[in-house]
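J.: The file below is model-v2.txt, compact mmCIF, C-alpha atoms:
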# COMPACT_ATOMS: atom_id res chain seq x y z
CA MET A 1 27.54 31.03 129.96
CA ILE A 2 30.72 32.47 131.46
CA HIS A 3 32.31 32.64 128.02
CA LYS A 4 29.33 34.55 126.63
CA LEU A 5 29.52 36.98 129.55
CA LYS A 6 33.28 37.41 129.02
CA ASP A 7 32.62 38.22 125.37
CA VAL A 8 30.00 40.81 126.25
CA LEU A 9 32.19 42.57 128.82
CA THR A 10 35.50 42.42 126.95
CA LYS A 11 34.39 42.89 123.33
CA ASP A 12 36.41 45.71 121.76
CA LEU A 13 37.99 46.53 125.12
CA ASP A 14 41.53 47.93 124.97
CA PRO A 15 43.88 44.90 124.73
CA GLU A 16 45.77 45.89 127.88
CA LEU A 17 42.54 46.35 129.89
CA ARG A 18 41.21 43.07 128.52
CA ARG A 19 44.40 41.30 129.52
CA ARG A 20 44.26 42.75 133.05
CA LEU A 21 40.57 41.93 133.45
CA LEU A 22 41.01 38.31 132.37
CA TRP A 23 44.17 37.95 134.44
CA ARG A 24 42.29 39.15 137.52
CA TYR A 25 39.35 36.87 136.76
CA ASP A 26 41.66 33.83 136.38
CA TYR A 27 43.45 34.76 139.60
CA LEU A 28 40.17 34.94 141.54
CA VAL A 29 38.73 31.73 140.07
CA ARG A 30 41.96 29.78 140.73
CA ARG A 31 41.67 30.69 144.38
CA VAL A 32 37.98 29.73 144.47
CA LYS A 33 38.88 26.35 142.96
CA HIS A 34 41.46 25.90 145.71
CA LEU A 35 38.88 26.72 148.40
CA LYS A 36 36.48 24.28 146.77
CA ALA A 37 39.03 21.46 146.38
CA ASN A 38 40.13 21.78 150.00
CA LYS A 39 36.57 22.05 151.31
CA TYR A 40 37.11 25.33 153.16
CA SER A 41 34.26 25.96 155.59
CA SER A 42 33.65 29.42 154.11
CA TYR A 43 33.15 27.90 150.67
CA THR A 44 30.81 25.26 152.06
CA SER A 45 28.82 27.96 153.83
CA ALA A 46 28.55 29.92 150.59
CA LEU A 47 27.15 26.80 148.89
CA ASN A 48 24.71 26.35 151.76
CA ASN A 49 23.53 29.92 151.14
CA GLY A 50 22.49 28.95 147.62
CA TRP A 51 25.60 29.89 145.64
CA THR A 52 27.08 27.54 143.06
CA PHE A 53 30.59 27.44 141.64
CA ARG A 54 29.28 28.70 138.28
CA ASN A 55 27.51 31.62 139.95
CA ILE A 56 30.66 32.47 141.89
CA GLU A 57 32.62 32.50 138.62
CA ILE A 58 30.18 35.15 137.38
CA LEU A 59 30.78 37.23 140.51
CA CYS A 60 34.54 36.99 139.93
CA LEU A 61 34.09 38.24 136.38
CA LEU A 62 31.87 41.16 137.43
CA ASN A 63 34.33 41.98 140.25
CA SER A 64 37.21 42.03 137.76
CA PHE A 65 35.23 44.20 135.34
CA TYR A 66 34.50 46.69 138.09
CA HIS A 67 38.07 46.79 139.42
CA VAL A 68 39.80 47.10 136.06
CA VAL A 69 37.36 49.08 133.92
CA LEU A 70 34.82 51.02 135.97
CA GLY A 71 36.58 51.65 139.28
CA PRO A 72 39.17 54.12 137.93
CA LEU A 73 36.41 56.02 136.10
CA SER A 74 34.45 56.50 139.31
CA ALA A 75 37.26 58.83 140.39
CA VAL A 76 36.04 61.56 138.01
CA SER A 77 32.33 60.88 138.26
CA ASN A 78 31.95 62.76 141.54
CA THR A 79 29.24 65.42 141.19
CA SER A 80 31.21 68.02 143.14
CA PHE A 81 33.70 68.24 140.27
CA ARG A 82 30.96 69.50 138.01
CA SER A 83 30.20 72.55 140.13
CA GLY A 84 33.72 73.58 141.09
CA ILE A 85 36.38 75.65 139.44
CA PHE A 86 36.99 73.04 136.76
CA SER A 87 33.39 73.27 135.58
CA ARG A 88 34.51 76.34 133.62
CA SER A 89 37.89 75.02 132.46
CA PRO A 90 38.00 71.52 130.98
CA ILE A 91 41.07 69.44 131.67
CA LYS A 92 43.15 68.39 128.71
CA TYR A 93 45.38 65.38 129.44
CA GLY A 94 47.85 64.93 126.60
CA SER A 95 46.09 64.19 123.35
CA LEU A 96 44.00 61.41 124.94
CA ILE A 97 41.52 63.06 127.18
CA GLN A 98 39.45 66.15 127.58
CA LEU A 99 37.57 65.97 130.83
CA ASP A 100 34.64 68.32 131.19
CA CYS A 101 31.23 68.32 132.87
CA ASN A 102 29.66 66.19 130.14
CA THR A 103 32.32 63.50 130.38
CA SER A 104 32.03 63.42 134.14
CA LYS A 105 28.26 63.15 133.89
CA ARG A 106 28.53 60.26 131.41
CA PHE A 107 30.84 58.35 133.72
CA SER A 108 28.55 59.02 136.64
CA MET A 109 25.52 57.66 134.75
CA CYS A 110 27.47 54.59 133.64
CA ILE A 111 28.62 53.71 137.13
CA ASN A 112 25.30 54.47 138.81
CA ASP A 113 23.51 52.33 136.25
CA PHE A 114 25.95 49.48 136.80
CA ASN A 115 25.44 49.70 140.56
CA SER A 116 21.67 49.62 140.06
CA ILE A 117 21.92 46.53 137.89
CA ILE A 118 24.09 44.81 140.47
CA GLU A 119 21.59 45.58 143.18
CA LYS A 120 18.75 44.35 140.98
CA LEU A 121 20.64 41.07 140.47
CA GLY A 122 20.86 40.62 144.23
CA ILE A 123 24.63 41.04 144.39
CA ASN A 124 26.12 42.61 147.49
CA TYR A 125 27.77 45.97 146.67
CA TRP A 126 30.94 44.98 148.56
CA ILE A 127 31.42 41.77 146.59
CA LEU A 128 32.36 43.80 143.55
CA ARG A 129 34.78 45.86 145.58
CA SER A 130 36.44 42.92 147.34
CA ASN A 131 40.13 42.54 146.58
CA LEU A 132 40.54 38.81 147.03
CA ALA A 133 38.55 35.65 146.30
CA ASP A 134 38.60 34.83 150.00
CA ASP A 135 36.86 38.13 150.71
CA ILE A 136 34.17 37.35 148.12
CA ILE A 137 33.58 33.88 149.54
CA TYR A 138 33.49 35.28 153.09
CA ARG A 139 30.72 37.68 152.13
CA LEU A 140 28.76 34.92 150.42
CA ALA A 141 29.23 32.68 153.44
CA THR A 142 28.22 35.23 156.06
CA GLN A 143 25.85 37.29 153.87
CA ASP A 144 27.60 40.23 155.49
CA ASP A 145 26.50 43.59 154.09
CA ASP A 146 28.87 45.57 156.26
CA ASN A 147 32.08 46.73 154.61
CA GLN A 148 34.33 45.34 157.27
CA PHE A 149 35.78 41.85 156.97
CA MET B 1 19.99 33.93 148.24
CA ILE B 2 20.59 32.96 144.61
CA THR B 3 18.65 29.79 143.89
CA ASN B 4 16.86 30.93 140.79
CA SER B 5 18.23 29.00 137.80
CA ASN B 6 17.35 31.97 135.58
CA TRP B 7 19.78 34.19 137.45
CA LYS B 8 22.67 33.50 135.05
CA THR B 9 20.43 34.31 132.08
CA GLU B 10 19.34 37.50 133.77
CA VAL B 11 22.95 38.53 134.41
CA LEU B 12 23.84 38.00 130.75
CA HIS B 13 20.78 39.92 129.59
CA GLU B 14 21.47 42.88 131.89
CA MET B 15 25.14 43.05 130.96
CA LYS B 16 24.28 42.98 127.25
CA LEU B 17 21.97 45.97 127.77
CA PHE B 18 24.60 47.74 129.85
CA ALA B 19 27.29 47.19 127.23
CA LYS B 20 24.98 48.42 124.47
CA ARG B 21 24.22 51.58 126.42
CA TYR B 22 27.64 52.42 127.80
CA SER B 23 30.40 50.64 125.87
CA ARG B 24 31.35 53.89 124.14
CA THR B 25 31.85 55.41 127.57
CA TYR B 26 34.03 52.76 129.16
CA LYS B 27 35.84 51.31 126.14
CA ILE B 28 38.80 53.64 126.36
CA SER B 29 42.54 52.99 126.27
CA ALA B 30 44.33 51.62 129.32
CA ARG B 31 46.36 54.85 129.45
CA SER B 32 43.18 56.94 129.53
CA ASN B 33 41.70 54.68 132.18
CA ALA B 34 44.71 55.28 134.45
CA ALA B 35 44.71 58.99 133.62
CA TYR B 36 41.11 59.43 134.79
CA PHE B 37 42.01 57.96 138.15
CA GLU B 38 44.97 60.31 138.51
CA ILE B 39 42.86 63.32 137.53
CA GLY B 40 40.20 62.24 140.02
CA CYS B 41 42.75 62.23 142.84
CA PHE B 42 44.00 65.65 141.74
CA LEU B 43 40.47 67.13 141.66
CA SER B 44 39.74 65.69 145.07
CA LEU B 45 42.84 67.41 146.45
CA ILE B 46 41.80 70.77 144.96
CA ILE B 47 38.32 70.48 146.45
CA PHE B 48 39.91 69.61 149.78
CA TYR B 49 42.05 72.77 149.72
CA GLU B 50 38.93 74.76 148.87
CA SER B 51 37.22 73.31 151.92
CA LEU B 52 40.15 74.45 154.07
CA GLY B 53 39.46 78.03 152.98
CA TYR B 54 42.13 78.43 150.31
CA THR B 55 41.48 80.57 147.26
CA ILE B 56 42.00 78.47 144.17
CA LYS B 57 43.19 79.86 140.84
CA LEU B 58 44.01 77.96 137.68
CA GLU B 59 47.09 79.37 135.99
CA ASN B 60 48.78 79.00 132.64
CA LEU B 61 45.64 77.78 130.90
CA VAL B 62 45.99 76.94 127.23
CA ASN B 63 43.06 78.13 125.08
CA GLY B 64 40.90 78.23 128.19
CA LYS B 65 41.69 74.63 129.08
CA TYR B 66 43.73 73.21 131.93
CA LYS B 67 46.66 71.50 130.22
CA TYR B 68 47.48 68.62 132.56
CA LYS B 69 51.08 67.43 132.49
CA SER B 70 50.79 63.72 131.86
CA SER B 71 54.43 62.58 132.08
CA PRO B 72 57.79 63.59 133.61
CA SER B 73 59.12 64.94 130.32
CA GLY B 74 58.33 68.43 129.12
CA ILE B 75 58.95 71.93 130.43
CA GLN B 76 56.72 72.67 133.41
CA ASN B 77 55.90 76.21 132.22
CA ASN B 78 54.22 74.77 129.13
CA PHE B 79 51.56 73.20 131.33
CA SER B 80 48.88 74.53 133.64
CA HIS B 81 49.04 74.44 137.41
CA VAL B 82 46.93 75.44 140.39
CA HIS B 83 47.73 78.45 142.53
CA ILE B 84 46.38 78.21 146.08
CA ILE B 85 46.35 81.16 148.47
CA TYR B 86 45.62 81.41 152.16
CA LYS B 87 46.04 84.68 154.03
CA LYS B 88 48.60 86.02 151.56
CA LYS B 89 50.63 82.79 151.57
CA HIS B 90 51.00 81.29 148.12
CA PHE B 91 51.58 77.73 147.02
CA ARG B 92 51.39 75.90 143.71
CA ILE B 93 50.10 72.44 142.82
CA HIS B 94 51.76 70.76 139.85
CA GLN B 95 51.43 67.39 138.16
CA ASN B 96 54.38 65.22 137.21
CA LEU B 97 56.99 67.76 138.34
CA ARG B 98 60.34 66.13 138.96
CA VAL B 99 61.87 66.37 142.43
CA LEU B 100 65.63 66.57 143.08
CA SER B 101 66.02 64.77 146.38
CA HIS B 102 68.05 66.08 149.33
CA LEU B 103 69.44 62.54 149.53
CA GLY B 104 71.72 63.05 146.54
CA ASP B 105 72.35 65.26 143.52
CA ASP B 106 71.55 62.46 141.07
CA ILE B 107 68.40 61.25 142.82
CA THR B 108 65.37 62.52 140.96
CA PHE B 109 61.87 61.10 140.62
CA THR B 110 58.45 62.36 139.62
CA PRO B 111 55.45 62.18 141.96
CA ASP B 112 52.01 62.35 140.38
CA ILE B 113 51.01 65.52 142.29
CA LEU B 114 53.32 68.00 143.98
CA VAL B 115 52.58 70.95 146.26
CA ILE B 116 55.46 73.46 146.25
CA THR B 117 56.12 76.74 147.91
CA ASN B 118 56.83 78.91 144.91
CA ASN B 119 57.00 78.60 141.13
CA ASN B 120 60.28 80.52 141.12
CA ARG B 121 61.92 77.42 142.55
CA ILE B 122 61.40 75.35 139.43
CA GLU B 123 64.73 74.97 137.65
CA VAL B 124 65.59 73.94 134.10
CA VAL B 125 69.09 72.76 133.23
CA GLN B 126 70.75 71.11 130.24
CA ASP B 127 72.16 67.72 131.20
CA GLU B 128 74.27 65.80 128.69
CA ASP B 129 72.89 62.55 130.05
CA TYR B 130 69.30 63.66 129.42
CA PHE B 131 68.43 63.52 125.72
CA SER B 132 72.06 64.51 125.01
CA GLY B 133 71.34 67.92 126.49
CA LYS B 134 68.82 68.78 123.74
CA ARG B 135 65.89 68.93 126.14
CA GLY B 136 65.66 70.92 129.37
CA PHE B 137 65.80 68.85 132.55
CA CYS B 138 63.12 70.39 134.72
CA PHE B 139 62.94 69.88 138.50
CA VAL B 140 62.34 71.42 141.90
CA LYS B 141 64.56 70.78 144.90
CA SER B 142 62.97 68.82 147.72
CA LYS B 143 63.49 71.70 150.17
CA HIS B 144 60.75 73.58 148.28
CA VAL B 145 58.31 70.69 148.41
CA LYS B 146 55.37 70.95 150.80
CA ALA B 147 53.86 67.57 149.95
CA ALA B 148 54.37 64.91 147.30
CA HIS B 149 51.29 62.80 146.53
CA GLU B 150 51.03 59.58 144.57
CA CYS B 151 48.05 57.87 142.90
CA LYS B 152 47.75 54.12 142.39
CA SER B 153 44.74 52.47 140.77
CA LEU B 154 45.56 49.18 142.54
CA TYR B 155 44.65 47.47 145.74
CA PRO B 156 46.68 48.42 148.84
CA PHE B 157 49.10 45.51 149.08
CA PRO B 158 51.89 45.92 151.67
CA GLU B 159 54.74 46.41 149.19
CA LEU B 160 52.89 49.33 147.60
CA LEU B 161 52.52 51.01 150.99
CA ILE B 162 56.18 50.51 151.87
CA SER B 163 57.41 51.80 148.51
CA PHE B 164 55.44 55.00 149.14
CA LEU B 165 57.56 55.51 152.24
CA GLY B 166 60.59 55.63 149.95
CA MET B 167 59.05 58.48 148.00
CA PHE B 168 58.06 60.24 151.22
CA ILE B 169 61.59 60.05 152.60
CA ALA B 170 63.21 61.12 149.31
CA ALA B 171 60.87 64.08 148.76
CA HIS B 172 60.69 65.55 152.25
CA LYS B 173 63.77 66.50 154.18
CA GLY B 174 63.66 66.05 157.95
CA SER B 175 60.56 65.54 159.99
CA ARG B 176 57.59 67.72 159.20
CA LYS B 177 55.61 69.40 161.87
CA LYS B 178 52.53 67.26 162.14
CA VAL B 179 49.22 68.72 163.15
CA LYS B 180 46.63 66.04 163.72
CA THR B 181 43.26 67.56 164.24
CA SER B 182 39.77 67.36 162.83
CA LYS B 183 39.43 71.15 162.85
CA LYS B 184 40.59 73.25 159.96
CA CYS B 185 43.53 75.32 161.14
CA GLU B 186 45.58 78.00 159.57
CA MET B 187 47.68 77.24 156.55
CA MET B 188 47.50 73.53 156.83
CA HIS B 189 48.30 71.16 154.03
CA LEU B 190 47.29 67.59 153.45
CA ALA B 191 50.28 65.48 154.50
CA PRO B 192 51.97 63.47 151.73
CA THR B 193 49.26 61.09 150.60
CA LEU B 194 49.07 57.82 148.71
CA PHE B 195 45.72 57.62 146.92
CA VAL B 196 44.77 53.99 146.33
CA GLY B 197 41.89 52.71 144.23
CA GLY B 198 41.27 49.38 145.95
CA LEU B 199 39.67 48.81 149.33
CA SER B 200 41.71 47.88 152.38
CA SER B 201 40.87 44.82 154.41
CA LYS B 202 41.15 44.81 158.21
CA ILE B 203 44.73 43.53 158.14
CA HIS B 204 45.67 46.31 155.71
CA GLU B 205 43.92 48.89 157.87
CA LYS B 206 46.15 47.87 160.78
CA MET B 207 49.23 48.42 158.64
CA LEU B 208 47.93 51.76 157.37
CA ASN B 209 47.26 52.98 160.89
CA SER B 210 50.72 51.92 162.05
CA LEU B 211 52.36 53.71 159.14
CA LYS B 212 50.35 56.86 159.87
CA LYS B 213 51.46 56.76 163.50
CA ALA B 214 55.08 56.37 162.48
CA PHE B 215 55.15 58.98 159.69
CA PRO B 216 53.24 62.18 158.84
CA ILE B 217 51.48 60.65 155.82
CA ASN B 218 48.04 59.58 154.64
CA ILE B 219 47.06 56.47 152.78
CA VAL B 220 43.56 56.92 151.40
CA THR B 221 41.99 53.74 150.03
CA GLY B 222 38.76 52.70 148.39
CA LEU B 223 38.74 55.45 145.78
CA HIS B 224 37.32 53.06 143.17
CA SER B 225 34.23 52.86 145.31
CA GLY B 226 33.77 56.60 145.11
CA ASP B 227 34.61 56.72 148.80
CA TRP B 228 36.29 60.11 148.76
CA LYS B 229 37.45 60.21 152.35
CA LEU B 230 39.24 63.55 151.89
CA ASN B 231 36.02 65.47 152.04
CA ARG B 232 34.10 63.44 154.58
CA LYS B 233 33.50 65.00 157.98
CA ASP B 234 34.83 61.91 159.77
CA ALA B 235 38.01 61.70 157.68
CA ASP B 236 40.96 61.01 159.95
CA LEU B 237 43.58 62.80 157.90
CA THR B 238 47.07 63.85 158.88
CA MET B 239 47.81 67.48 158.17
CA ILE B 240 51.09 69.36 158.12
CA THR B 241 51.89 73.02 158.47
Mind turning this structure into C-alpha cells?
T.:
Amino acid sequence: MIHKLKDVLTKDLDPELRRRLLWRYDYLVRRVKHLKANKYSSYTSALNNGWTFRNIEILCLLNSFYHVVLGPLSAVSNTSFRSGIFSRSPIKYGSLIQLDCNTSKRFSMCINDFNSIIEKLGINYWILRSNLADDIIYRLATQDDDNQF
Amino acid sequence: MITNSNWKTEVLHEMKLFAKRYSRTYKISARSNAAYFEIGCFLSLIIFYESLGYTIKLENLVNGKYKYKSSPSGIQNNFSHVHIIYKKKHFRIHQNLRVLSHLGDDITFTPDILVITNNNRIEVVQDEDYFSGKRGFCFVKSKHVKAAHECKSLYPFPELLISFLGMFIAAHKGSRKKVKTSKKCEMMHLAPTLFVGGLSSKIHEKMLNSLKKAFPINIVTGLHSGDWKLNRKDADLTMIT
C-alpha cells in the first residue's frame, strides 16, 4: 500500500523534489521504527489510540509530501496577494515563473482541497505540519489538537 | 481514532483523485518550488509595509511585469524593485542585491530581500576577480542597509537560526535603535527577519525568544502553514526606526 501511495504522490515529480520527499519520509520512518523497537510510551499510547505502524507510515509520507511539495506553495496562495498592488502587475521570476492572480488562485485551491481531504480522512492538521517523527507520535498518543507540543 | 481497515484504501483513493486534479499545479521544478516561497515572503513584507501606512510603488517594470531578481548575478537596474514612501521619506526594497559588509572590503553576500535607503547608493564596479572584469559587480554598502531579510523553506533548526545572526551582524553596522511596540509608529521598519517555512516546537520557541531579546531581529516560523504572522494583530514583531 505504501509503495502505491508513494507512486501516486511522486509520479513525474521533479527528481530533486522526489529525492527530498523520499529522504524526509525515510528519516521519519526510521525514527518511528526506533520508537517502536524501544517501546517508547508515546508509541505505545499511539497504538492504544488505534494507530498501527502501517498507518503511521502513511502519515509520514503525507507529512513529507506537505513539507516538501505543498508547504512552499502555500506562501503565494494567500488571498490578500490577489487584491493588492501585484494584482495588476504579475511577477516574473527568471524564465521559470510568472506569478499572477490565476496562479495564486490555483495554488490556493490545491492546498485548500488537500487540507479538506486530510480532515475528511480524520488526520489532525498539525500532524502534517510536525517537523519530527516524535512530534507526530506525540500527537497520536495524546490526540492533541492544539498546536503546542 | 483510526480503526477502520478501509482507511488505507480511502487514503489511496483520495490521493489518486487529488493527484489527477492538481498534479499539473504542484509538479513544478525544485527551483520554482523554492522561488514561490521566496516570493511569498517578499509579498508578505510589502503587504506589511502597506499596513504601516507606507505608499507602495512598483518601479522599473518590464513590459508591465515585475521582473524579480532571482540570483546575485546581474545588474540591479535591469530588474524591478519596490519604492516605499512614508511622509516624504523614501526607501527601496530589492531582491538578491549584494551587500558589501562594514566588516571588510572583500566581505560580500546576498540576502534574499534588502531594504535600503536610496537607489543612488547601489554601486557597480569592474573587478578582475569577478568574471575577469567582464561583468559589473553590483552591490550596496551595509551603511545604506535598513534591513536584510532571509527566506528559508526549512524547519527552524538551531544552526539555521545562528547562521542568520552572522548575516545580521555582517549587514548591519552597530546596534540599531529598537522600537518594540504593537502600535504602528512613524517610519518604522520590520527588523531584519528570517522567514522560515517549518513550524517551531516549544524548545525552538525558547531559542527564538532568547535571540529576539538579545538582538533586534525577527524569526517568523510556520510559513508553510499559511500562518502569516506579519499581518496578524497579535504578532509580536520587533521593529526598528
J.: Would you list which chain B residues are within 8 Å of chain A using all atoms listed in the file, as number ranges by chain?
T.: B: 1-3, 7-8, 10-12, 14-16, 18-19, 22, 25-30, 32-37, 39-41, 43, 47, 56, 64-70, 153, 155, 197-199, 201-202, 223-226
J.: CA of Leu35 in chain A to CA of Ile137 in chain A: how many Å, to one decimal?
T.: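 Answer for the CA of Leu35 in chain A to CA of Ile137 in chain A separation: 9.0 Å.
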J.: In the coordinate frame of the file, compute which residues have an atom within 8 Å of (61.9, 76.8, 149.8) when using all atoms listed in the file, and state them as a list in words.
T.: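 Every polymer residue passing the test: Thr117, Asn118, Arg121, Lys143, His144 and Val145 of chain B.
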J.: Using the selection just defined, write its residues with C-alpha atoms as a compact mmCIF listing (two decimals), in the frame of the given file.
T.:
# COMPACT_ATOMS: atom_id res chain seq x y z
CA THR B 117 56.12 76.74 147.91
CA ASN B 118 56.83 78.91 144.91
CA ARG B 121 61.92 77.42 142.55
CA LYS B 143 63.49 71.70 150.17
CA HIS B 144 60.75 73.58 148.28
CA VAL B 145 58.31 70.69 148.41
J.: Choose the residue, out of B:Thr221, B:Gln126, B:Ser80, B:Ser23, that has the smallest atom-to-atom separation from Leu154 in chain B; count only C-alpha atoms.
T.: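 Counting only C-alpha atoms, the residue closest to Leu154 in chain B is B:Thr221.
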J.: I want to know what sits within 12 Å of Pro216 in chain B, based on only C-alpha atoms, with residues of the same chain fewer than 3 positions away left out; could you give that as a ChimeraX atom specification?
T.: /B:147-148,165,168-169,172,174-180,189-194,208-213,219,237-241
J.: Provide the CA of His3 in chain A to CA of Tyr43 in chain A distance in Å, to one decimal place.
T.: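 Interatomic distance, CA of His3 in chain A to CA of Tyr43 in chain A: 23.2 Å.
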J.: Report the distance between CA of Asp134 in chain A and CA of Tyr27 in chain A in Å, rounded to one decimal place.
T.: 11.5 Å
J.: When you count only C-alpha atoms, which of these residues is closest to Phe195 in chain B: B:Ile46, B:Leu160, B:Cys151, B:Ala235?
T.: B:Cys151
J.: Please determine an axis-aligned box that encloses all atoms of range 44-50 of chain B listed in the file, with 4 Å added on each side, and express its centre and edge lengths in Å to one decimal as AutoDock Vina command-line options.
T.:
--center_x 40.6 --center_y 70.2 --center_z 147.4 --size_x 12.5 --size_y 17.1 --size_z 12.8
J.: Which residues, written as a PyMOL selection string, have at least one atom at most 12 Å from range 129-135 of chain B, with all atoms listed in the file counted and residues fewer than 6 positions away on the same chain left out?
T.: chain B and resi 73-75+106
J.: Go ahead and save the picked residues with C-alpha atoms, as a PDB file, keeping the file's coordinate frame.
T.:
ATOM      1  CA  SER B  73      59.120  64.940 130.320  1.00  0.00           C
ATOM      2  CA  GLY B  74      58.330  68.430 129.120  1.00  0.00           C
ATOM      3  CA  ILE B  75      58.950  71.930 130.430  1.00  0.00           C
ATOM      4  CA  ASP B 106      71.550  62.460 141.070  1.00  0.00           C
TER       5      ASP B 106
END
J.: Restricting the calculation to only C-alpha atoms, which member of A:Asn112, A:Asn63, A:Thr44, A:Asn38 is positioned closest to Tyr25 in chain A?
T.: A:Asn63
J.: For Ile217 in chain B, which residue among B:Glu159, B:Asp105, B:Glu150, B:Asp127 is the nearest when counting only C-alpha atoms?
T.: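 Distance minimum relative to Ile217 in chain B lands on B:Glu150.
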J.: Any chance you could model N, CA and C atoms for range 96-113 of chain A and send them as a PDB file, in the coordinates of the input?
T.:
ATOM      1  N   LEU A  96      44.951  62.506 124.722  1.00  0.00           N
ATOM      2  CA  LEU A  96      44.000  61.410 124.940  1.00  0.00           C
ATOM      3  C   LEU A  96      42.648  61.884 125.441  1.00  0.00           C
ATOM      4  N   ILE A  97      42.725  62.808 126.389  1.00  0.00           N
ATOM      5  CA  ILE A  97      41.520  63.060 127.180  1.00  0.00           C
ATOM      6  C   ILE A  97      41.199  64.543 127.279  1.00  0.00           C
ATOM      7  N   GLN A  98      39.922  64.840 127.152  1.00  0.00           N
ATOM      8  CA  GLN A  98      39.450  66.150 127.580  1.00  0.00           C
ATOM      9  C   GLN A  98      38.321  65.860 128.567  1.00  0.00           C
ATOM     10  N   LEU A  99      38.569  66.230 129.803  1.00  0.00           N
ATOM     11  CA  LEU A  99      37.570  65.970 130.830  1.00  0.00           C
ATOM     12  C   LEU A  99      36.787  67.236 131.110  1.00  0.00           C
ATOM     13  N   ASP A 100      35.483  67.173 130.877  1.00  0.00           N
ATOM     14  CA  ASP A 100      34.640  68.320 131.190  1.00  0.00           C
ATOM     15  C   ASP A 100      33.384  67.802 131.894  1.00  0.00           C
ATOM     16  N   CYS A 101      32.430  68.696 132.117  1.00  0.00           N
ATOM     17  CA  CYS A 101      31.230  68.320 132.870  1.00  0.00           C
ATOM     18  C   CYS A 101      30.471  67.179 132.189  1.00  0.00           C
ATOM     19  N   ASN A 102      30.422  67.222 130.864  1.00  0.00           N
ATOM     20  CA  ASN A 102      29.660  66.190 130.140  1.00  0.00           C
ATOM     21  C   ASN A 102      30.290  64.818 130.294  1.00  0.00           C
ATOM     22  N   THR A 103      31.615  64.778 130.215  1.00  0.00           N
ATOM     23  CA  THR A 103      32.320  63.500 130.380  1.00  0.00           C
ATOM     24  C   THR A 103      32.083  62.948 131.776  1.00  0.00           C
ATOM     25  N   SER A 104      32.224  63.831 132.749  1.00  0.00           N
ATOM     26  CA  SER A 104      32.030  63.420 134.140  1.00  0.00           C
ATOM     27  C   SER A 104      30.618  62.888 134.363  1.00  0.00           C
ATOM     28  N   LYS A 105      29.662  63.566 133.744  1.00  0.00           N
ATOM     29  CA  LYS A 105      28.260  63.150 133.890  1.00  0.00           C
ATOM     30  C   LYS A 105      28.038  61.771 133.257  1.00  0.00           C
ATOM     31  N   ARG A 106      28.675  61.553 132.115  1.00  0.00           N
ATOM     32  CA  ARG A 106      28.530  60.260 131.410  1.00  0.00           C
ATOM     33  C   ARG A 106      29.075  59.135 132.262  1.00  0.00           C
ATOM     34  N   PHE A 107      30.238  59.377 132.867  1.00  0.00           N
ATOM     35  CA  PHE A 107      30.840  58.350 133.720  1.00  0.00           C
ATOM     36  C   PHE A 107      29.940  58.081 134.926  1.00  0.00           C
ATOM     37  N   SER A 108      29.408  59.135 135.471  1.00  0.00           N
ATOM     38  CA  SER A 108      28.550  59.020 136.640  1.00  0.00           C
ATOM     39  C   SER A 108      27.319  58.165 136.314  1.00  0.00           C
ATOM     40  N   MET A 109      26.710  58.436 135.160  1.00  0.00           N
ATOM     41  CA  MET A 109      25.520  57.660 134.750  1.00  0.00           C
ATOM     42  C   MET A 109      25.868  56.196 134.550  1.00  0.00           C
ATOM     43  N   CYS A 110      27.032  55.960 133.922  1.00  0.00           N
ATOM     44  CA  CYS A 110      27.470  54.590 133.640  1.00  0.00           C
ATOM     45  C   CYS A 110      27.649  53.808 134.939  1.00  0.00           C
ATOM     46  N   ILE A 111      28.339  54.412 135.892  1.00  0.00           N
ATOM     47  CA  ILE A 111      28.620  53.710 137.130  1.00  0.00           C
ATOM     48  C   ILE A 111      27.364  53.556 137.991  1.00  0.00           C
ATOM     49  N   ASN A 112      26.548  54.579 138.042  1.00  0.00           N
ATOM     50  CA  ASN A 112      25.300  54.470 138.810  1.00  0.00           C
ATOM     51  C   ASN A 112      24.392  53.399 138.234  1.00  0.00           C
ATOM     52  N   ASP A 113      24.343  53.340 136.904  1.00  0.00           N
ATOM     53  CA  ASP A 113      23.510  52.330 136.250  1.00  0.00           C
ATOM     54  C   ASP A 113      24.032  50.927 136.553  1.00  0.00           C
TER      55      ASP A 113
END
